[in-house]
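Raw contents of data04.txt, compact mmCIF, C-alpha atoms and all ligand atoms:
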```
# COMPACT_ATOMS: atom_id res chain seq x y z
CA MET A 1 -23.78 63.32 -14.08
CA PRO A 2 -20.11 62.62 -14.84
CA ILE A 3 -18.74 59.70 -12.85
CA SER A 4 -15.23 59.07 -11.56
CA PHE A 5 -12.43 57.30 -13.40
CA TYR A 6 -12.56 54.34 -11.03
CA GLU A 7 -16.36 53.99 -11.07
CA ALA A 8 -16.23 54.02 -14.86
CA ARG A 9 -13.61 51.31 -15.06
CA GLN A 10 -15.46 49.16 -12.55
CA GLN A 11 -18.74 49.53 -14.42
CA ILE A 12 -17.03 48.50 -17.65
CA LEU A 13 -15.41 45.43 -16.09
CA ASP A 14 -18.69 44.47 -14.42
CA THR A 15 -20.56 44.74 -17.71
CA VAL A 16 -18.46 43.26 -20.53
CA PRO A 17 -19.05 39.58 -21.34
CA THR A 18 -16.40 36.88 -21.64
CA LEU A 19 -16.25 35.37 -25.11
CA ALA A 20 -16.75 31.72 -26.04
CA ILE A 21 -14.04 29.11 -25.59
CA GLU A 22 -12.18 27.47 -28.45
CA ARG A 23 -9.26 25.02 -28.59
CA ILE A 24 -6.27 26.25 -30.53
CA PRO A 25 -2.92 24.69 -31.45
CA LEU A 26 -0.22 25.25 -28.83
CA PHE A 27 1.88 26.87 -31.55
CA GLU A 28 -0.62 29.75 -31.75
CA ALA A 29 -1.34 30.07 -28.06
CA ALA A 30 1.31 32.56 -26.91
CA GLY A 31 -0.28 35.85 -25.86
CA ARG A 32 -3.68 34.25 -25.18
CA ALA A 33 -5.12 33.48 -21.74
CA VAL A 34 -5.85 29.84 -20.95
CA SER A 35 -9.54 29.38 -20.13
CA GLU A 36 -9.34 26.44 -17.68
CA ASN A 37 -7.19 25.51 -14.72
CA ILE A 38 -4.50 23.25 -16.12
CA ILE A 39 -3.81 20.27 -13.86
CA ALA A 40 -0.76 18.03 -14.15
CA ALA A 41 -1.65 14.43 -15.01
CA GLN A 42 1.89 13.16 -14.45
CA SER A 43 5.07 14.01 -12.59
CA LEU A 44 7.70 16.31 -13.98
CA PRO A 45 10.37 15.01 -14.27
CA ALA A 46 8.60 11.77 -15.14
CA PHE A 47 11.55 9.67 -13.88
CA ASP A 48 14.67 10.13 -11.75
CA ASN A 49 17.44 11.32 -14.04
CA SER A 50 20.89 12.81 -14.07
CA ALA A 51 21.35 16.59 -14.09
CA MET A 52 24.98 16.28 -15.26
CA ASP A 53 27.28 14.19 -17.43
CA GLY A 54 29.16 12.04 -14.90
CA TYR A 55 28.90 8.87 -12.85
CA ALA A 56 25.89 7.48 -11.00
CA VAL A 57 26.87 6.16 -7.57
CA ARG A 58 25.53 4.99 -4.22
CA THR A 59 26.57 7.57 -1.63
CA GLU A 60 27.20 4.83 0.94
CA ASP A 61 30.08 3.61 -1.31
CA CYS A 62 31.60 7.06 -1.65
CA HIS A 63 34.02 7.67 1.21
CA ILE A 64 36.98 9.83 0.23
CA GLY A 65 39.66 7.65 -1.36
CA ALA A 66 37.24 4.93 -2.50
CA VAL A 67 37.83 3.45 -5.94
CA LEU A 68 34.75 2.30 -7.86
CA PRO A 69 34.88 0.26 -11.08
CA ILE A 70 32.78 1.69 -13.92
CA GLU A 71 30.00 -0.62 -15.05
CA GLY A 72 27.60 0.49 -17.76
CA TYR A 73 27.04 3.60 -19.84
CA LEU A 74 23.65 5.28 -19.59
CA LEU A 75 22.55 7.62 -22.35
CA ALA A 76 19.75 10.19 -22.38
CA GLY A 77 16.80 8.58 -24.10
CA GLY A 78 18.07 5.12 -23.13
CA THR A 79 15.75 2.55 -21.67
CA PRO A 80 15.57 2.60 -17.86
CA ALA A 81 18.77 1.10 -16.54
CA ASN A 82 19.21 -2.02 -14.46
CA THR A 83 20.19 -1.80 -10.84
CA LEU A 84 23.56 -0.25 -10.05
CA ASN A 85 25.65 -2.93 -8.39
CA PRO A 86 27.02 -1.97 -4.95
CA GLU A 87 30.54 -0.53 -5.00
CA THR A 88 30.39 0.34 -8.69
CA ALA A 89 29.74 3.49 -10.70
CA ALA A 90 27.82 3.85 -13.98
CA LYS A 91 28.77 6.42 -16.57
CA ILE A 92 25.65 8.55 -17.13
CA MET A 93 24.73 11.43 -19.39
CA THR A 94 22.48 14.41 -18.56
CA GLY A 95 18.82 13.41 -18.75
CA ALA A 96 19.53 9.65 -18.68
CA PRO A 97 17.33 7.60 -16.32
CA LEU A 98 19.07 6.94 -13.03
CA PRO A 99 19.79 3.25 -12.38
CA GLN A 100 18.01 1.62 -9.41
CA GLY A 101 20.01 2.00 -6.23
CA ALA A 102 21.99 5.05 -7.33
CA ASP A 103 21.33 8.17 -5.22
CA ALA A 104 23.88 10.69 -6.53
CA VAL A 105 25.78 11.69 -9.64
CA ILE A 106 29.40 12.81 -9.60
CA PRO A 107 30.09 15.14 -12.55
CA PHE A 108 33.05 14.19 -14.75
CA GLU A 109 34.90 17.32 -13.67
CA ASN A 110 34.62 16.41 -9.96
CA CYS A 111 36.27 13.01 -10.01
CA ASN A 112 39.46 11.40 -11.10
CA ALA A 113 38.47 8.84 -13.71
CA GLU A 114 40.86 6.27 -15.07
CA GLN A 115 40.20 3.74 -17.84
CA ASP A 116 37.59 1.72 -16.01
CA GLN A 117 37.35 3.16 -12.52
CA ILE A 118 36.79 6.42 -10.66
CA ASN A 119 38.48 7.76 -7.55
CA ILE A 120 36.25 9.46 -5.03
CA LEU A 121 37.74 12.83 -4.04
CA TYR A 122 35.06 14.36 -1.80
CA THR A 123 32.06 13.43 0.30
CA VAL A 124 29.18 12.87 -2.05
CA LYS A 125 25.75 13.81 -0.75
CA LYS A 126 22.53 11.96 -1.48
CA GLY A 127 20.69 13.68 -4.31
CA ASP A 128 23.72 15.47 -5.74
CA HIS A 129 23.05 16.30 -9.40
CA ILE A 130 19.89 14.25 -9.56
CA ARG A 131 16.51 15.45 -10.80
CA TRP A 132 14.03 13.43 -8.78
CA THR A 133 10.68 12.32 -10.15
CA GLY A 134 8.10 15.01 -9.47
CA GLU A 135 10.52 17.48 -7.86
CA ASP A 136 9.25 20.13 -10.26
CA ILE A 137 5.58 19.15 -10.51
CA ARG A 138 3.48 16.35 -8.97
CA PRO A 139 0.40 14.73 -10.45
CA GLY A 140 -2.67 16.73 -9.48
CA ASP A 141 -0.78 20.01 -9.10
CA GLN A 142 -2.49 22.99 -10.66
CA ILE A 143 0.19 24.17 -13.02
CA ILE A 144 -1.53 27.09 -14.73
CA PRO A 145 -4.64 28.78 -13.31
CA ALA A 146 -7.46 29.80 -15.66
CA GLY A 147 -6.98 33.29 -17.00
CA THR A 148 -3.19 33.15 -17.07
CA LEU A 149 -1.43 34.84 -19.97
CA LEU A 150 0.47 32.21 -21.95
CA ARG A 151 4.06 33.35 -22.25
CA PRO A 152 6.89 31.18 -23.58
CA ALA A 153 7.38 29.80 -20.04
CA GLU A 154 3.79 28.55 -19.82
CA ILE A 155 4.02 27.20 -23.37
CA SER A 156 7.11 25.24 -22.27
CA LEU A 157 5.18 23.73 -19.38
CA LEU A 158 2.17 22.90 -21.53
CA ALA A 159 4.42 21.25 -24.11
CA SER A 160 6.11 19.22 -21.35
CA PHE A 161 2.70 17.83 -20.48
CA ARG A 162 1.88 17.13 -24.14
CA PHE A 163 -0.86 19.72 -24.51
CA SER A 164 -0.78 20.06 -28.29
CA THR A 165 -3.90 22.23 -28.09
CA VAL A 166 -5.11 24.60 -25.39
CA PRO A 167 -8.51 26.01 -24.47
CA VAL A 168 -8.69 29.81 -24.71
CA HIS A 169 -11.35 32.45 -25.11
CA ARG A 170 -11.97 33.60 -28.65
CA ARG A 171 -10.10 36.68 -29.84
CA VAL A 172 -12.23 39.81 -29.75
CA ARG A 173 -13.18 41.35 -33.10
CA VAL A 174 -13.11 45.10 -32.56
CA ALA A 175 -14.87 47.33 -35.09
CA ILE A 176 -13.24 50.77 -35.34
CA LEU A 177 -15.12 53.76 -36.74
CA SER A 178 -13.79 57.30 -37.03
CA THR A 179 -16.29 60.09 -37.43
CA GLY A 180 -16.00 63.64 -38.69
CA ASP A 181 -16.53 65.78 -41.82
CA GLU A 182 -12.98 67.08 -41.56
CA LEU A 183 -11.37 63.65 -41.73
CA GLN A 184 -9.63 62.18 -44.72
CA GLU A 185 -7.94 58.88 -45.22
CA ILE A 186 -4.18 58.60 -45.17
CA ASP A 187 -3.88 58.12 -48.94
CA GLU A 188 -6.39 60.76 -50.06
CA LEU A 189 -5.30 64.06 -51.59
CA PRO A 190 -4.99 66.69 -48.84
CA PHE A 191 -7.75 69.31 -48.81
CA ALA A 192 -7.87 72.63 -46.98
CA GLY A 193 -9.01 72.07 -43.42
CA GLY A 194 -8.67 68.31 -43.75
CA ILE A 195 -7.38 66.24 -40.85
CA VAL A 196 -5.89 62.84 -41.49
CA ASN A 197 -7.75 59.99 -39.84
CA SER A 198 -4.97 58.80 -37.57
CA ASN A 199 -7.25 57.42 -34.87
CA SER A 200 -8.29 54.35 -36.82
CA TRP A 201 -4.65 53.41 -37.24
CA ALA A 202 -3.80 54.14 -33.64
CA LEU A 203 -6.71 52.09 -32.33
CA ALA A 204 -5.97 49.21 -34.70
CA ALA A 205 -2.37 49.16 -33.46
CA ALA A 206 -3.55 49.22 -29.85
CA CYS A 207 -5.89 46.30 -30.62
CA HIS A 208 -3.08 44.34 -32.25
CA GLU A 209 -0.83 44.81 -29.24
CA ILE A 210 -3.13 42.77 -27.05
CA GLY A 211 -4.14 40.14 -29.57
CA THR A 212 -7.56 41.41 -30.58
CA ILE A 213 -8.65 41.63 -34.22
CA PRO A 214 -9.32 45.19 -35.45
CA VAL A 215 -11.92 45.60 -38.16
CA MET A 216 -11.49 48.94 -39.95
CA LEU A 217 -14.80 50.61 -40.80
CA GLY A 218 -13.19 53.81 -42.08
CA ILE A 219 -14.81 57.23 -41.69
CA ALA A 220 -18.44 58.14 -41.10
CA ARG A 221 -19.35 61.70 -41.97
CA ASP A 222 -21.23 63.86 -39.48
CA ASN A 223 -24.68 63.12 -40.93
CA LEU A 224 -27.37 60.71 -39.85
CA THR A 225 -27.43 58.65 -43.04
CA ASP A 226 -23.74 57.88 -43.03
CA LEU A 227 -23.60 57.30 -39.29
CA ARG A 228 -26.60 54.97 -39.36
CA GLU A 229 -25.03 52.83 -42.05
CA LYS A 230 -21.59 52.55 -40.42
CA ILE A 231 -22.86 52.21 -36.86
CA LYS A 232 -25.18 49.39 -37.93
CA GLU A 233 -22.12 47.57 -39.24
CA GLY A 234 -20.05 48.29 -36.13
CA LEU A 235 -22.69 46.87 -33.82
CA GLN A 236 -22.21 43.45 -35.44
CA ALA A 237 -18.70 43.15 -33.97
CA ASP A 238 -17.75 41.79 -30.53
CA VAL A 239 -16.79 45.33 -29.49
CA PHE A 240 -17.49 48.61 -31.24
CA LEU A 241 -15.18 51.62 -30.89
CA THR A 242 -16.09 55.00 -32.28
CA SER A 243 -13.89 58.05 -32.11
CA ALA A 244 -15.03 61.67 -32.04
CA GLY A 245 -18.47 63.15 -32.27
CA VAL A 246 -19.31 62.66 -28.60
CA SER A 247 -18.80 66.11 -27.20
CA SER A 248 -21.63 68.60 -27.16
CA GLY A 249 -20.98 70.14 -30.58
CA ASP A 250 -23.89 70.50 -33.00
CA ARG A 251 -22.61 67.81 -35.28
CA ASP A 252 -21.90 65.29 -32.52
CA LEU A 253 -24.45 62.80 -33.62
CA VAL A 254 -22.75 59.53 -32.71
CA ARG A 255 -24.69 59.05 -29.51
CA GLU A 256 -27.96 60.07 -31.08
CA VAL A 257 -27.62 57.33 -33.69
CA LEU A 258 -26.42 54.77 -31.16
CA GLU A 259 -29.59 55.48 -29.20
CA GLU A 260 -31.72 54.89 -32.29
CA PHE A 261 -30.23 51.40 -32.37
CA GLY A 262 -31.37 50.82 -28.80
CA ILE A 263 -28.08 50.83 -26.94
CA LYS A 264 -28.19 50.79 -23.14
CA GLU A 265 -26.04 53.60 -21.86
CA VAL A 266 -23.82 52.72 -18.91
CA PHE A 267 -22.15 56.11 -18.63
CA TRP A 268 -21.42 59.27 -20.57
CA LYS A 269 -18.91 61.85 -19.33
CA LEU A 270 -16.21 61.22 -16.79
CA LYS A 271 -14.47 63.34 -14.19
CA ILE A 272 -11.15 62.88 -16.00
CA LYS A 273 -8.78 64.89 -18.16
CA PRO A 274 -8.27 64.13 -20.97
CA GLY A 275 -11.21 61.95 -21.94
CA HIS A 276 -14.11 63.86 -20.38
CA PRO A 277 -16.76 63.00 -23.07
CA THR A 278 -16.04 59.24 -23.10
CA ALA A 279 -19.21 57.14 -23.23
CA PHE A 280 -19.82 53.44 -22.69
CA ALA A 281 -22.92 51.45 -23.57
CA MET A 282 -24.07 47.94 -24.41
CA HIS A 283 -25.91 46.82 -27.53
CA ASN A 284 -27.12 43.29 -26.74
CA THR A 285 -23.77 41.64 -25.87
CA THR A 286 -21.61 44.16 -27.76
CA PRO A 287 -19.82 46.74 -25.62
CA VAL A 288 -19.77 50.11 -27.36
CA PHE A 289 -17.11 52.67 -26.45
CA SER A 290 -17.50 56.19 -27.77
CA LEU A 291 -14.07 57.69 -27.41
CA PRO A 292 -13.19 61.34 -27.76
CA GLY A 293 -11.72 62.30 -31.15
CA ASN A 294 -8.61 64.06 -30.06
CA PRO A 295 -5.81 61.58 -30.88
CA VAL A 296 -4.23 61.84 -27.42
CA SER A 297 -7.57 61.38 -25.67
CA THR A 298 -8.47 58.49 -27.96
CA LEU A 299 -5.37 56.50 -27.09
CA LEU A 300 -5.35 57.33 -23.39
CA THR A 301 -8.99 56.31 -22.97
CA PHE A 302 -8.28 53.13 -24.92
CA GLU A 303 -5.35 52.39 -22.60
CA GLU A 304 -7.29 52.97 -19.40
CA PHE A 305 -10.78 51.69 -20.26
CA VAL A 306 -10.90 49.69 -23.48
CA ARG A 307 -7.74 47.63 -23.04
CA PRO A 308 -8.81 46.13 -19.68
CA ALA A 309 -12.26 45.41 -21.12
CA LEU A 310 -10.84 43.57 -24.13
CA LEU A 311 -8.49 41.53 -21.94
CA LYS A 312 -11.38 40.58 -19.69
CA MET A 313 -13.45 39.48 -22.69
CA MET A 314 -10.58 37.19 -23.70
CA GLY A 315 -10.52 35.66 -20.23
CA HIS A 316 -7.35 37.24 -18.81
CA HIS A 317 -7.43 37.19 -15.01
CA THR A 318 -5.15 40.23 -14.82
CA VAL A 319 -6.46 43.09 -16.88
CA LEU A 320 -4.86 46.08 -15.21
CA LYS A 321 -1.18 46.86 -15.43
CA THR A 322 0.99 46.66 -12.33
CA LEU A 323 1.33 49.96 -10.49
CA HIS A 324 4.87 51.02 -9.59
CA ARG A 325 5.74 53.45 -6.83
CA ALA A 326 7.84 56.27 -8.26
CA THR A 327 9.24 59.56 -7.03
CA LEU A 328 8.10 62.73 -8.72
CA THR A 329 11.11 64.91 -9.60
CA GLU A 330 9.18 68.11 -10.24
CA PRO A 331 6.09 69.78 -8.79
CA ILE A 332 2.86 69.31 -10.74
CA LYS A 333 -0.17 71.56 -10.55
CA LYS A 334 -3.62 70.65 -11.75
CA LYS A 335 -7.18 71.85 -11.38
CA PRO A 336 -9.10 69.93 -8.72
CA GLY A 337 -12.26 68.07 -9.74
CA ARG A 338 -11.00 65.74 -12.46
CA LEU A 339 -8.50 62.90 -12.35
CA GLN A 340 -5.61 63.72 -14.66
CA ILE A 341 -4.16 61.03 -16.91
CA LEU A 342 -0.59 62.32 -16.94
CA ARG A 343 1.94 61.21 -19.55
CA VAL A 344 5.25 60.70 -17.76
CA SER A 345 8.92 60.09 -18.47
CA ILE A 346 10.62 57.44 -16.36
CA ASN A 347 14.22 57.34 -15.23
CA ILE A 348 16.03 55.07 -12.80
CA ASP A 349 18.45 56.69 -10.32
CA GLN A 350 21.71 55.14 -9.08
CA ASP A 351 19.86 53.34 -6.26
CA GLY A 352 17.46 51.77 -8.72
CA GLU A 353 14.59 54.03 -7.65
CA MET A 354 12.06 54.97 -10.30
CA LEU A 355 11.90 58.71 -10.97
CA VAL A 356 9.10 60.33 -12.93
CA SER A 357 8.46 63.70 -14.44
CA SER A 358 5.99 65.09 -16.94
CA ALA A 359 6.79 63.80 -20.43
CA GLY A 360 6.17 67.30 -21.83
CA ASP A 361 3.30 69.65 -22.61
CA GLN A 362 0.19 67.91 -21.26
CA ASN A 363 -2.15 69.72 -23.60
CA THR A 364 -4.34 67.12 -25.30
CA GLY A 365 -3.32 68.53 -28.68
CA ILE A 366 0.29 67.45 -28.17
CA LEU A 367 0.76 63.97 -29.57
CA ARG A 368 4.53 64.22 -29.19
CA THR A 369 4.21 64.05 -25.41
CA LEU A 370 2.38 60.75 -25.78
CA VAL A 371 5.16 59.46 -28.02
CA ASN A 372 7.79 60.53 -25.48
CA ALA A 373 5.91 59.08 -22.51
CA ARG A 374 6.99 55.77 -21.04
CA GLY A 375 4.34 55.68 -18.38
CA ILE A 376 1.04 57.03 -17.13
CA ALA A 377 0.28 58.53 -13.73
CA LEU A 378 -3.29 58.89 -12.56
CA LEU A 379 -3.40 62.09 -10.52
CA ALA A 380 -6.25 62.00 -8.01
CA ALA A 381 -9.27 64.12 -8.90
CA GLU A 382 -9.47 66.02 -5.61
CA ARG A 383 -5.80 67.08 -5.52
CA ASP A 384 -4.48 70.30 -7.04
CA PHE A 385 -0.78 70.03 -6.32
CA PHE A 386 1.88 67.32 -6.21
CA ALA A 387 5.24 68.27 -4.71
CA ALA A 388 8.66 67.29 -6.03
CA GLY A 389 9.82 64.27 -4.02
CA GLU A 390 6.30 62.93 -3.55
CA LYS A 391 5.70 59.23 -4.29
CA ILE A 392 3.08 58.53 -6.92
CA ASP A 393 1.81 55.38 -8.64
CA ILE A 394 2.52 54.91 -12.31
CA HIS A 395 2.06 52.16 -14.84
CA LEU A 396 4.10 51.56 -17.95
CA PHE A 397 2.88 52.57 -21.36
CA GLY A 398 4.01 51.24 -24.71
CA ALA A 399 4.41 48.25 -26.94
CA SER A 400 6.95 46.34 -24.88
CA THR A 401 4.52 46.34 -21.98
CA ALA A 402 1.44 45.54 -24.03
CA LEU A 403 0.66 42.53 -21.90
CA GLY A 404 3.17 43.16 -19.14
CA TYR A 405 1.10 43.36 -16.06
P1 LIG B 1 -14.50 65.93 -31.98
O1 LIG B 1 -14.63 65.00 -30.81
O2 LIG B 1 -15.28 65.48 -33.15
O3 LIG B 1 -14.82 67.33 -31.58
O4 LIG B 1 -12.97 65.90 -32.41
C1 LIG B 1 -11.95 66.40 -31.54
C2 LIG B 1 -10.69 66.65 -32.30
O5 LIG B 1 -10.12 65.41 -32.70
C3 LIG B 1 -10.85 67.45 -33.56
O6 LIG B 1 -9.74 68.32 -33.70
C4 LIG B 1 -10.83 66.42 -34.63
O7 LIG B 1 -10.44 66.92 -35.87
C5 LIG B 1 -9.87 65.42 -34.10
N1 LIG B 1 -10.14 64.09 -34.63
C6 LIG B 1 -11.36 63.52 -34.64
N2 LIG B 1 -11.31 62.30 -35.20
C7 LIG B 1 -10.03 62.11 -35.56
C8 LIG B 1 -9.36 61.04 -36.20
N3 LIG B 1 -10.01 59.94 -36.58
N4 LIG B 1 -8.04 61.15 -36.42
C9 LIG B 1 -7.40 62.27 -36.04
N5 LIG B 1 -7.98 63.31 -35.43
C10 LIG B 1 -9.29 63.25 -35.20
MG MG B 2 -16.11 65.97 -34.90
```
Mind turning this structure into structure tokens?
Amino acid sequence: MPISFYEARQQILDTVPTLAIERIPLFEAAGRAVSENIIAAQSLPAFDNSAMDGYAVRTEDCHIGAVLPIEGYLLAGGTPANTLNPETAAKIMTGAPLPQGADAVIPFENCNAEQDQINILYTVKKGDHIRWTGEDIRPGDQIIPAGTLLRPAEISLLASFRFSTVPVHRRVRVAILSTGDELQEIDELPFAGGIVNSNSWALAAACHEIGTIPVMLGIARDNLTDLREKIKEGLQADVFLTSAGVSSGDRDLVREVLEEFGIKEVFWKLKIKPGHPTAFAMHNTTPVFSLPGNPVSTLLTFEEFVRPALLKMMGHHTVLKTLHRATLTEPIKKKPGRLQILRVSINIDQDGEMLVSSAGDQNTGILRTLVNARGIALLAAERDFFAAGEKIDIHLFGASTALGY
């Protein structure tokens, strides 16, 4: 019995394992998900310091018209300064430790400085241009929860706390096998009726986008001997992806051979379009996705089912892309019964509203529509018509949003 899109995705996420933890250099950590809650051991900033080049003062000395002699010159990286004497100012540079007793900094451009004194021109408030100890982060604060994608911002924070290595889940090794007698490799001489194996390349690229490691197994022909050999190899990987050979054609032997190897089927056939024959199974701890062979279906089923699974295996807490509310600019008809994975174009109107329309011919044979699409809409199975002006949920599609939630 075919199951729904959402049941399928839930079953996948409930089934796939999370991979082992390793510590990697901070330099290589961008794009990975941290595997533990990261707790701050110290304050950030670690000491009170100046946010501007200027003069450190005591606000109680700073009535308008006051004249304060300049005593001392405090540089960033300098040793913590002595106490600021009452009714004096200390020249201070951005990042320099604040002297004891000072409670504000007057930027150079906001005061009248003479040789060795400054004239106070305005009412200085306590805390002006000071970065207080711990105002950003306090000891014991959870700074990065487990499962967070490490972007440059998180790397900055980790570096500030001297994490030269970080714990992450291992990258997933994804074996990719294309199947079909008609297939030929990209660099082979064309033959009549031959179809270039583009799926292996497409899937490898999709794996790269999210930081997994594709392992190219090439083409298995539609015969038991060849399939047995290649499938045996694929089952050694962390995840095994096959494309084609899962519909009900005579030569669709992929599932037969997978069963010989003792896989446990989770589902086969979904109430979706495209992607109807998609199958998912487990072989020991290796998730096995049998994706349809049609290049559009292959990539769309990867996007919706495989990508979240791979992210989960690498410990990401957010594995589904953010849904955006968008207005449909044209009516869309579909047959009821299957959820449609619609390739959409996205435009922004003058009010900043997101507008969507079909990205072109939705026939699964049309790869160009996938290339033109900037997003995906999941059109509910039971519906048969969506009116122009209706709000629908979409998510972005494409390289720049590979990990953009
Ligand atoms: P199948 O699922 O075997 O019936 O294949 C569906 C369609 O996808 C057929 O037109 C195949 O030729 C095509 N196809 C299958 N595998 C690939 C591949 N690796 N690269 C490009 N097209 C493929
Ligand atoms: Mg085939």
Give me, as JSON lines, each residue of chain A that comes within 9 Å of ligand LIG 1 (chain B), together with its shortest interatomic pair and the distance in Å at one decimal, counting all atoms listed in the file, with rows ordered by chain and rising residue number.
```
{"residue": "A:Leu177", "atom": "CA", "partner": "B:LIG1", "partner_atom": "N3", "distance": 8.0}
{"residue": "A:Ser178", "atom": "CA", "partner": "B:LIG1", "partner_atom": "N3", "distance": 4.6}
{"residue": "A:Thr179", "atom": "CA", "partner": "B:LIG1", "partner_atom": "N2", "distance": 5.9}
{"residue": "A:Gly180", "atom": "CA", "partner": "B:LIG1", "partner_atom": "O2", "distance": 5.9}
{"residue": "A:Asp181", "atom": "CA", "partner": "B:LIG1", "partner_atom": "O7", "distance": 8.6}
{"residue": "A:Glu182", "atom": "CA", "partner": "B:LIG1", "partner_atom": "O7", "distance": 6.2}
{"residue": "A:Leu183", "atom": "CA", "partner": "B:LIG1", "partner_atom": "C8", "distance": 6.4}
{"residue": "A:Gln184", "atom": "CA", "partner": "B:LIG1", "partner_atom": "N3", "distance": 8.5}
{"residue": "A:Glu185", "atom": "CA", "partner": "B:LIG1", "partner_atom": "N3", "distance": 8.9}
{"residue": "A:Gly194", "atom": "CA", "partner": "B:LIG1", "partner_atom": "O7", "distance": 8.2}
{"residue": "A:Ile195", "atom": "CA", "partner": "B:LIG1", "partner_atom": "O7", "distance": 5.9}
{"residue": "A:Val196", "atom": "CA", "partner": "B:LIG1", "partner_atom": "C9", "distance": 5.7}
{"residue": "A:Asn197", "atom": "CA", "partner": "B:LIG1", "partner_atom": "N4", "distance": 3.6}
{"residue": "A:Ser198", "atom": "CA", "partner": "B:LIG1", "partner_atom": "N4", "distance": 4.0}
{"residue": "A:Asn199", "atom": "CA", "partner": "B:LIG1", "partner_atom": "N3", "distance": 4.1}
{"residue": "A:Ser200", "atom": "CA", "partner": "B:LIG1", "partner_atom": "N3", "distance": 5.9}
{"residue": "A:Trp201", "atom": "CA", "partner": "B:LIG1", "partner_atom": "N3", "distance": 8.5}
{"residue": "A:Ala202", "atom": "CA", "partner": "B:LIG1", "partner_atom": "N4", "distance": 8.7}
{"residue": "A:Gly218", "atom": "CA", "partner": "B:LIG1", "partner_atom": "N3", "distance": 8.8}
{"residue": "A:Ile219", "atom": "CA", "partner": "B:LIG1", "partner_atom": "N3", "distance": 7.5}
{"residue": "A:Asp222", "atom": "CA", "partner": "B:LIG1", "partner_atom": "O2", "distance": 8.8}
{"residue": "A:Thr242", "atom": "CA", "partner": "B:LIG1", "partner_atom": "N3", "distance": 8.9}
{"residue": "A:Ser243", "atom": "CA", "partner": "B:LIG1", "partner_atom": "N2", "distance": 5.9}
{"residue": "A:Ala244", "atom": "CA", "partner": "B:LIG1", "partner_atom": "O1", "distance": 3.6}
{"residue": "A:Gly245", "atom": "CA", "partner": "B:LIG1", "partner_atom": "O2", "distance": 4.0}
{"residue": "A:Val246", "atom": "CA", "partner": "B:LIG1", "partner_atom": "O1", "distance": 5.7}
{"residue": "A:Ser247", "atom": "CA", "partner": "B:LIG1", "partner_atom": "O1", "distance": 5.6}
{"residue": "A:Ser248", "atom": "CA", "partner": "B:LIG1", "partner_atom": "O3", "distance": 8.2}
{"residue": "A:Gly249", "atom": "CA", "partner": "B:LIG1", "partner_atom": "O3", "distance": 6.8}
{"residue": "A:Arg251", "atom": "CA", "partner": "B:LIG1", "partner_atom": "O2", "distance": 8.0}
{"residue": "A:Asp252", "atom": "CA", "partner": "B:LIG1", "partner_atom": "O2", "distance": 6.7}
{"residue": "A:Pro277", "atom": "CA", "partner": "B:LIG1", "partner_atom": "O1", "distance": 8.3}
{"residue": "A:Leu291", "atom": "CA", "partner": "B:LIG1", "partner_atom": "O1", "distance": 8.1}
{"residue": "A:Pro292", "atom": "CA", "partner": "B:LIG1", "partner_atom": "O1", "distance": 5.0}
{"residue": "A:Gly293", "atom": "CA", "partner": "B:LIG1", "partner_atom": "C6", "distance": 3.7}
{"residue": "A:Asn294", "atom": "CA", "partner": "B:LIG1", "partner_atom": "O5", "distance": 3.3}
{"residue": "A:Pro295", "atom": "CA", "partner": "B:LIG1", "partner_atom": "N5", "distance": 5.3}
{"residue": "A:Val296", "atom": "CA", "partner": "B:LIG1", "partner_atom": "O5", "distance": 8.7}
{"residue": "A:Ser297", "atom": "CA", "partner": "B:LIG1", "partner_atom": "O5", "distance": 8.5}
{"residue": "A:Thr298", "atom": "CA", "partner": "B:LIG1", "partner_atom": "O5", "distance": 8.5}
{"residue": "A:Gly365", "atom": "CA", "partner": "B:LIG1", "partner_atom": "O6", "distance": 8.2}
```
**Report entry** Pick from A:Gln42, A:Asn223, A:Thr318, A:Thr133, whichever lies nearest to ligand MG 2 (chain B) using all atoms listed in the file
**Finding:** A:Asn223
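Rounded to one decimal, atom CA of Gly389 of chain A and atom CA of Pro274 of chain A lie 24.8 Å from each other.
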Query raised in the report: Quick one: distance from atom CA of Leu253 of chain A to atom CA of Leu224 of chain A in Å, one decimal?
Result: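 Pair atom CA of Leu253 of chain A / atom CA of Leu224 of chain A returns 7.2 Å.
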**Report entry** Selected residue, from A:Arg343, A:Arg221, A:His129, A:Arg9, that lies nearest to Val306 of chain A when counting only C-alpha atoms
**Finding:**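 Looking only at the distances to Val306 of chain A, the closest residue turns out to be A:Arg9.
In this comparison, which uses all atoms listed in the file, the residue of A:Ala8, A:Glu154, A:Val254, A:Ala159 approaching ligand MG 2 (chain B) most closely is A:Val254.
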Query - Among the residues A:His169, A:Lys271, A:Arg374, A:His63, the one that comes closest to Leu149 of chain A [using all atoms listed in the file] - result: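 Checking each of A:His169, A:Lys271, A:Arg374, A:His63 against Leu149 of chain A, counting all atoms listed in the file, the winner is A:His169.
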When you write segment 75-85 of chain A out from the block above, keep C-alpha atoms and present the result as an mmCIF file, in the first residue's frame, please.
```cif
data_model
loop_
_atom_site.group_PDB
_atom_site.id
_atom_site.type_symbol
_atom_site.label_atom_id
_atom_site.label_comp_id
_atom_site.auth_asym_id
_atom_site.auth_seq_id
_atom_site.Cartn_x
_atom_site.Cartn_y
_atom_site.Cartn_z
ATOM 1 C CA LEU A 75 46.608 50.421 24.538
ATOM 2 C CA ALA A 76 44.701 47.349 23.376
ATOM 3 C CA GLY A 77 46.649 44.333 24.538
ATOM 4 C CA GLY A 78 48.184 46.365 27.370
ATOM 5 C CA THR A 79 48.329 44.998 30.869
ATOM 6 C CA PRO A 80 45.308 45.889 33.019
ATOM 7 C CA ALA A 81 45.620 49.529 33.960
ATOM 8 C CA ASN A 82 45.967 51.036 37.405
ATOM 9 C CA THR A 83 43.146 52.948 38.979
ATOM 10 C CA LEU A 84 42.011 56.112 37.216
ATOM 11 C CA ASN A 85 42.629 58.988 39.588
#
```
